[in-house]
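Here the structure is laid out as C-alpha cells; the discussion comes afterwards.
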Amino acid sequence: MKTAYDVYQYDEIRNLNIKLFTPDDGIVERYVIALHGFAGSMESWAISALAEHLTQYGTAVLAFNYAGHGNDTQDSLFSVECCKNDFRSMTEYAKNAYPAAQWTGVFATSFGGFLTLNLLDEIPDSVRIVLRAPAVNMPEVFARIVDSEGGGMSEYRQSGSVTLGYEHKLDVPYAFYQELLENDVFRQDFDREMLLIHGDCDDVVLPEDTRAFCTRNPKIIRKEIAGADHRFLESLGRVMEFAVPWLLQ
C-alpha cells in the first residue's frame, strides 16, 4: 500500500487536506471515501486498517480532514455546512484523480456517519455504505461531549462557544449545535441498504439509539460487537471482518 497527501482548494478560501491510500502497483479500479469522527482526523487508525485491506483489491481509500481537525488550520470555517461541502469536493477530487475508476464505497465513523446520512441523496445507489458507530442522534451525542468535556450545555449556550478536541483544540461556536438540530437524522426514514457496525459498550453513541434507528430503517443491517466501545480499540479486526466484504461486493 502506498500513501500520499494532497491539498484541494475550493470556494476560493477552503483548502481541503487529503490523504490517499493506493495499491502498490498504482492501478486504481475502485475507490472508497472515508469520513472520520468529530475531533478525529484522516490519520484514523481504522481508516488506515481499512485501506490495508482494500488496496489489495485494486481499491483506493481517500480520506480528508474537516476544518479545524488534524492538520487543518482553518478552524474558523468549521460547521456542518462546511463539512458537507468538504465531502462534495472530495467526490469531485476523486473523479478527477481516478477518472477510470468507480466510486464504490463510503466508510463513515461517528460524526462522519451523521454527515453521510445527511448527504445520502447525493450518493449514488451503487455506492456501498458502512456506518461505524454512526452518530444517528448527533445533537444528543454532542451535548454529552460538551457536558463531560466542555463545562456543560448551559455554559456553552451562555458563552456562545466551547473548546473541545485532543491534540488539536477547536473552538466550536454554539451555531454548530444549532446546525446539528437543523440537520438531525434520527427520526428520518432511509429506504436504502447500508451496513451499521456498533459496539454494545459505546457510551458516546448509545447502542439503544442505533437499535431504534435501525428498527425504523429495516434495510440497514446492524452488526453489534460485544465488548466494543466507541473507538473499537480491541475490536478492529471484527470491524474489518464486516466492513471489507461489504465494500468489495
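Going through the C-alpha cells in order, the chains are called A, B, and so on, while each chain numbers its residues from 1 and the ligands are numbered from 1 in the order shown.
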Give me the stretch 138-175 of chain A side of the contact with stretch 204-211 of chain A, cut-off 8 Å, one line per residue showing its nearest atom pair and distance in Å at one decimal, counting only C-alpha atoms, sorted by chain and residue number, as CSV.
```
residue,atom,partner,partner_atom,distance
A:Val141,CA,A:Val205,CA,6.1
A:Arg144,CA,A:Val204,CA,7.5
A:Ile145,CA,A:Val204,CA,7.7
```
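The neighbours of A:Phe78 here are the residues that come within 12 Å of it, using only C-alpha atoms and leaving out any residue fewer than 4 positions away in the same chain; they are Arg14, Leu16, Phe38, Ala39, Asn65, Tyr66, Ala67, Gly68, His69, Asp72, Thr73, Gln74, Cys82, Cys83, Lys84, Asn85, Asp86, Leu170, Asp171, Val172, Pro173, Tyr174, Ala175, Phe176, Tyr177 and Glu179 of chain A.
All residues of stretch 204-247 of chain A that DSSP, run on the backbone, classes as strand (DSSP E or B) are Ile220, Ile221, Arg222, Lys223, Glu224 and Ile225 of chain A.
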Keeping all heavy atoms, export the residues of the selection given above as a PDB file, in the first residue's frame.
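The resulting out_14.pdb:
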```pdb
ATOM      1  N   ILE A 220     -31.305  -1.268   6.788  1.00  0.00           N
ATOM      2  CA  ILE A 220     -29.955  -1.126   7.348  1.00  0.00           C
ATOM      3  C   ILE A 220     -29.635  -2.375   8.162  1.00  0.00           C
ATOM      4  O   ILE A 220     -30.369  -2.752   9.082  1.00  0.00           O
ATOM      5  CB  ILE A 220     -29.847   0.132   8.228  1.00  0.00           C
ATOM      6  CG1 ILE A 220     -30.161   1.385   7.408  1.00  0.00           C
ATOM      7  CG2 ILE A 220     -28.455   0.234   8.843  1.00  0.00           C
ATOM      8  CD1 ILE A 220     -30.153   2.670   8.211  1.00  0.00           C
ATOM      9  N   ILE A 221     -28.545  -3.015   7.820  1.00  0.00           N
ATOM     10  CA  ILE A 221     -28.115  -4.228   8.511  1.00  0.00           C
ATOM     11  C   ILE A 221     -27.207  -3.825   9.672  1.00  0.00           C
ATOM     12  O   ILE A 221     -26.155  -3.206   9.468  1.00  0.00           O
ATOM     13  CB  ILE A 221     -27.383  -5.173   7.547  1.00  0.00           C
ATOM     14  CG1 ILE A 221     -28.317  -5.596   6.423  1.00  0.00           C
ATOM     15  CG2 ILE A 221     -26.831  -6.387   8.291  1.00  0.00           C
ATOM     16  CD1 ILE A 221     -27.641  -6.345   5.296  1.00  0.00           C
ATOM     17  N   ARG A 222     -27.590  -4.152  10.882  1.00  0.00           N
ATOM     18  CA  ARG A 222     -26.848  -3.749  12.075  1.00  0.00           C
ATOM     19  C   ARG A 222     -26.068  -4.926  12.649  1.00  0.00           C
ATOM     20  O   ARG A 222     -26.637  -5.977  12.916  1.00  0.00           O
ATOM     21  CB  ARG A 222     -27.799  -3.196  13.133  1.00  0.00           C
ATOM     22  CG  ARG A 222     -27.105  -2.626  14.380  1.00  0.00           C
ATOM     23  CD  ARG A 222     -28.153  -2.082  15.355  1.00  0.00           C
ATOM     24  NE  ARG A 222     -27.538  -1.455  16.508  1.00  0.00           N
ATOM     25  CZ  ARG A 222     -27.119  -2.115  17.582  1.00  0.00           C
ATOM     26  NH1 ARG A 222     -27.256  -3.437  17.635  1.00  0.00           N
ATOM     27  NH2 ARG A 222     -26.563  -1.467  18.601  1.00  0.00           N
ATOM     28  N   LYS A 223     -24.761  -4.722  12.812  1.00  0.00           N
ATOM     29  CA  LYS A 223     -23.895  -5.726  13.422  1.00  0.00           C
ATOM     30  C   LYS A 223     -23.373  -5.170  14.747  1.00  0.00           C
ATOM     31  O   LYS A 223     -22.720  -4.131  14.778  1.00  0.00           O
ATOM     32  CB  LYS A 223     -22.711  -6.060  12.509  1.00  0.00           C
ATOM     33  CG  LYS A 223     -23.104  -6.649  11.157  1.00  0.00           C
ATOM     34  CD  LYS A 223     -23.705  -8.033  11.298  1.00  0.00           C
ATOM     35  CE  LYS A 223     -23.955  -8.662   9.928  1.00  0.00           C
ATOM     36  NZ  LYS A 223     -24.545 -10.028  10.038  1.00  0.00           N
ATOM     37  N   GLU A 224     -23.692  -5.836  15.828  1.00  0.00           N
ATOM     38  CA  GLU A 224     -23.256  -5.389  17.156  1.00  0.00           C
ATOM     39  C   GLU A 224     -22.084  -6.241  17.627  1.00  0.00           C
ATOM     40  O   GLU A 224     -22.143  -7.471  17.575  1.00  0.00           O
ATOM     41  CB  GLU A 224     -24.407  -5.468  18.148  1.00  0.00           C
ATOM     42  CG  GLU A 224     -24.084  -4.870  19.511  1.00  0.00           C
ATOM     43  CD  GLU A 224     -25.315  -4.726  20.382  1.00  0.00           C
ATOM     44  OE1 GLU A 224     -26.076  -3.748  20.194  1.00  0.00           O
ATOM     45  OE2 GLU A 224     -25.531  -5.611  21.238  1.00  0.00           O
ATOM     46  N   ILE A 225     -21.028  -5.576  18.076  1.00  0.00           N
ATOM     47  CA  ILE A 225     -19.830  -6.267  18.532  1.00  0.00           C
ATOM     48  C   ILE A 225     -19.778  -6.224  20.054  1.00  0.00           C
ATOM     49  O   ILE A 225     -19.701  -5.143  20.659  1.00  0.00           O
ATOM     50  CB  ILE A 225     -18.560  -5.642  17.930  1.00  0.00           C
ATOM     51  CG1 ILE A 225     -18.603  -5.738  16.396  1.00  0.00           C
ATOM     52  CG2 ILE A 225     -17.306  -6.303  18.485  1.00  0.00           C
ATOM     53  CD1 ILE A 225     -17.422  -5.104  15.695  1.00  0.00           C
TER      54      ILE A 225
END
```
Top pick for closest residue to A:Ser79, considering A:Val106, A:Leu248, A:Leu115, A:Ala63 and counting only C-alpha atoms: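 Between A:Val106, A:Leu248, A:Leu115, A:Ala63, the residue approaching A:Ser79 most closely is A:Leu115.
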Would you work out the distance separating atom CA of A:Tyr57 from atom CA of A:Arg30, expressed in Å to one decimal? 8.7 Å
Residue neighbourhood A:Leu247, 6 Å, only C-alpha atoms, exclusion window fewer than 3 positions, as a ChimeraX atom specification: /A:105,128,244
Distance atom CA of A:Thr91-atom CA of A:Pro245, one decimal place?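 Computed distance, atom CA of A:Thr91 to atom CA of A:Pro245, equals 22.3 Å.
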Need the shell around A:Arg192: protein/DNA/RNA residues with any atom at most 9 Å away, counting only C-alpha atoms. Skip same-chain ones fewer than 2 positions apart. Format as a PDB file with all heavy atoms, in the first residue's frame?
```
ATOM      1  N   ASP A 125     -26.788   5.210  -5.717  1.00  0.00           N
ATOM      2  CA  ASP A 125     -27.253   3.961  -5.123  1.00  0.00           C
ATOM      3  C   ASP A 125     -26.235   2.838  -5.251  1.00  0.00           C
ATOM      4  O   ASP A 125     -26.245   1.881  -4.469  1.00  0.00           O
ATOM      5  CB  ASP A 125     -28.569   3.533  -5.787  1.00  0.00           C
ATOM      6  CG  ASP A 125     -29.727   4.447  -5.419  1.00  0.00           C
ATOM      7  OD1 ASP A 125     -29.621   5.168  -4.407  1.00  0.00           O
ATOM      8  OD2 ASP A 125     -30.732   4.455  -6.162  1.00  0.00           O
ATOM      9  N   PHE A 190     -34.837   6.045   5.879  1.00  0.00           N
ATOM     10  CA  PHE A 190     -33.872   5.887   4.800  1.00  0.00           C
ATOM     11  C   PHE A 190     -34.133   4.559   4.096  1.00  0.00           C
ATOM     12  O   PHE A 190     -33.873   3.494   4.652  1.00  0.00           O
ATOM     13  CB  PHE A 190     -32.437   5.931   5.332  1.00  0.00           C
ATOM     14  CG  PHE A 190     -32.070   7.261   5.939  1.00  0.00           C
ATOM     15  CD1 PHE A 190     -32.185   7.478   7.300  1.00  0.00           C
ATOM     16  CD2 PHE A 190     -31.637   8.308   5.135  1.00  0.00           C
ATOM     17  CE1 PHE A 190     -31.858   8.703   7.862  1.00  0.00           C
ATOM     18  CE2 PHE A 190     -31.301   9.541   5.687  1.00  0.00           C
ATOM     19  CZ  PHE A 190     -31.425   9.738   7.053  1.00  0.00           C
ATOM     20  N   MET A 194     -27.727  -0.384   3.960  1.00  0.00           N
ATOM     21  CA  MET A 194     -26.427   0.035   4.473  1.00  0.00           C
ATOM     22  C   MET A 194     -26.007  -0.939   5.558  1.00  0.00           C
ATOM     23  O   MET A 194     -26.823  -1.698   6.087  1.00  0.00           O
ATOM     24  CB  MET A 194     -26.513   1.460   5.062  1.00  0.00           C
ATOM     25  CG  MET A 194     -26.806   2.558   4.059  1.00  0.00           C
ATOM     26  SD  MET A 194     -26.977   4.203   4.831  1.00  0.00           S
ATOM     27  CE  MET A 194     -28.752   4.248   5.137  1.00  0.00           C
ATOM     28  N   ASN A 217     -35.554   1.745  10.202  1.00  0.00           N
ATOM     29  CA  ASN A 217     -34.962   1.636   8.862  1.00  0.00           C
ATOM     30  C   ASN A 217     -34.490   0.192   8.636  1.00  0.00           C
ATOM     31  O   ASN A 217     -33.294  -0.105   8.722  1.00  0.00           O
ATOM     32  CB  ASN A 217     -33.785   2.615   8.742  1.00  0.00           C
ATOM     33  CG  ASN A 217     -34.229   4.063   8.791  1.00  0.00           C
ATOM     34  OD1 ASN A 217     -34.680   4.622   7.794  1.00  0.00           O
ATOM     35  ND2 ASN A 217     -34.112   4.682   9.957  1.00  0.00           N
ATOM     36  N   PRO A 218     -35.417  -0.708   8.360  1.00  0.00           N
ATOM     37  CA  PRO A 218     -35.103  -2.137   8.312  1.00  0.00           C
ATOM     38  C   PRO A 218     -34.150  -2.562   7.198  1.00  0.00           C
ATOM     39  O   PRO A 218     -33.630  -3.674   7.248  1.00  0.00           O
ATOM     40  CB  PRO A 218     -36.478  -2.799   8.148  1.00  0.00           C
ATOM     41  CG  PRO A 218     -37.350  -1.734   7.565  1.00  0.00           C
ATOM     42  CD  PRO A 218     -36.854  -0.453   8.150  1.00  0.00           C
ATOM     43  N   LYS A 219     -33.904  -1.707   6.212  1.00  0.00           N
ATOM     44  CA  LYS A 219     -32.934  -2.073   5.175  1.00  0.00           C
ATOM     45  C   LYS A 219     -31.494  -1.946   5.666  1.00  0.00           C
ATOM     46  O   LYS A 219     -30.573  -2.437   5.012  1.00  0.00           O
ATOM     47  CB  LYS A 219     -33.135  -1.214   3.924  1.00  0.00           C
ATOM     48  CG  LYS A 219     -34.337  -1.615   3.091  1.00  0.00           C
ATOM     49  CD  LYS A 219     -34.330  -0.919   1.745  1.00  0.00           C
ATOM     50  CE  LYS A 219     -35.462  -1.416   0.857  1.00  0.00           C
ATOM     51  NZ  LYS A 219     -35.441  -0.758  -0.472  1.00  0.00           N
ATOM     52  N   ILE A 220     -31.305  -1.268   6.788  1.00  0.00           N
ATOM     53  CA  ILE A 220     -29.955  -1.126   7.348  1.00  0.00           C
ATOM     54  C   ILE A 220     -29.635  -2.375   8.162  1.00  0.00           C
ATOM     55  O   ILE A 220     -30.369  -2.752   9.082  1.00  0.00           O
ATOM     56  CB  ILE A 220     -29.847   0.132   8.228  1.00  0.00           C
ATOM     57  CG1 ILE A 220     -30.161   1.385   7.408  1.00  0.00           C
ATOM     58  CG2 ILE A 220     -28.455   0.234   8.843  1.00  0.00           C
ATOM     59  CD1 ILE A 220     -30.153   2.670   8.211  1.00  0.00           C
TER      60      ILE A 220
END
```
Set the distance at 9 Å and use only C-alpha atoms: which residues neighbour A:Asp229 once local chain neighbours fewer than 3 positions away are removed? I'd like the list as a ChimeraX atom specification. /A:198-204,225-226,232-235
Save the residues we just selected, C-alpha atoms, as a PDB file, in the first residue's frame?
```
ATOM      1  CA  HIS A 198     -21.695  -0.756  16.636  1.00  0.00           C
ATOM      2  CA  GLY A 199     -20.231  -1.827  19.956  1.00  0.00           C
ATOM      3  CA  ASP A 200     -22.532  -2.727  22.820  1.00  0.00           C
ATOM      4  CA  CYS A 201     -20.307  -0.815  25.293  1.00  0.00           C
ATOM      5  CA  ASP A 202     -20.334   2.502  23.418  1.00  0.00           C
ATOM      6  CA  ASP A 203     -21.050   5.355  25.853  1.00  0.00           C
ATOM      7  CA  VAL A 204     -20.713   8.110  23.221  1.00  0.00           C
ATOM      8  CA  ILE A 225     -19.830  -6.267  18.532  1.00  0.00           C
ATOM      9  CA  ALA A 226     -19.830  -7.471  22.131  1.00  0.00           C
ATOM     10  CA  PHE A 232     -13.275  -0.283  18.963  1.00  0.00           C
ATOM     11  CA  LEU A 233      -9.737  -0.379  20.403  1.00  0.00           C
ATOM     12  CA  GLU A 234      -9.846  -4.129  20.979  1.00  0.00           C
ATOM     13  CA  SER A 235     -12.263  -4.955  18.164  1.00  0.00           C
TER      14      SER A 235
END
```
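Closest to A:Met42 among A:Thr109, A:Tyr8, A:Tyr93, A:Leu54 is A:Thr109, based on only C-alpha atoms.
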What does the distance between atom CA of A:Glu193 and atom CA of A:Val130 come to in Å, to one decimal place?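 According to the coordinates, atom CA of A:Glu193 and atom CA of A:Val130 are separated by 9.8 Å.
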From the list A:Glu92, A:Glu155, A:Glu241, A:Glu29, which residue is nearest A:Ile197 when using only C-alpha atoms? A:Glu241
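In the backbone-derived DSSP annotation, alpha helix (DSSP H) within stretch 175-246 of chain A comprises Ala175, Phe176, Tyr177, Gln178, Glu179, Leu180, Leu181, Glu182, Pro207, Glu208, Asp209, Thr210, Arg211, Ala212, Phe213, Cys214, Thr215, Arg216, Leu236, Gly237, Arg238, Val239, Met240, Glu241, Phe242, Ala243, Val244, Pro245 and Trp246 of chain A.
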Tell me which protein, DNA and RNA residues are within 12 Å of A:Asp25, counting only C-alpha atoms, leaving out same-chain ones fewer than 5 positions away, and put them as an NGL selection string. :A and (1-2 or 55-60)
Using only C-alpha atoms, which of A:Phe64, A:Phe242, A:Tyr31, A:Trp103 sits nearest A:Asn17?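 Checking each candidate against A:Asn17, we get A:Phe64 as the closest.
Residues in contact with A:Met153 at up to 12 Å, not including ones fewer than 3 positions away on its chain and judged by only C-alpha atoms, are Pro139, Glu140, Val141, Phe142, Ala143, Arg144, Ile145, Val146, Asp147, Ser148, Glu149, Gly150, Tyr156, Arg157, Gln158, Ser159, Gly160, Ser161, Val162, Pro173, Tyr174 and Tyr177 of chain A.
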If you count only C-alpha atoms, the residue of A:Phe21, A:Phe107, A:Phe87, A:Tyr98 closest to A:Leu195 turns out to be A:Phe107
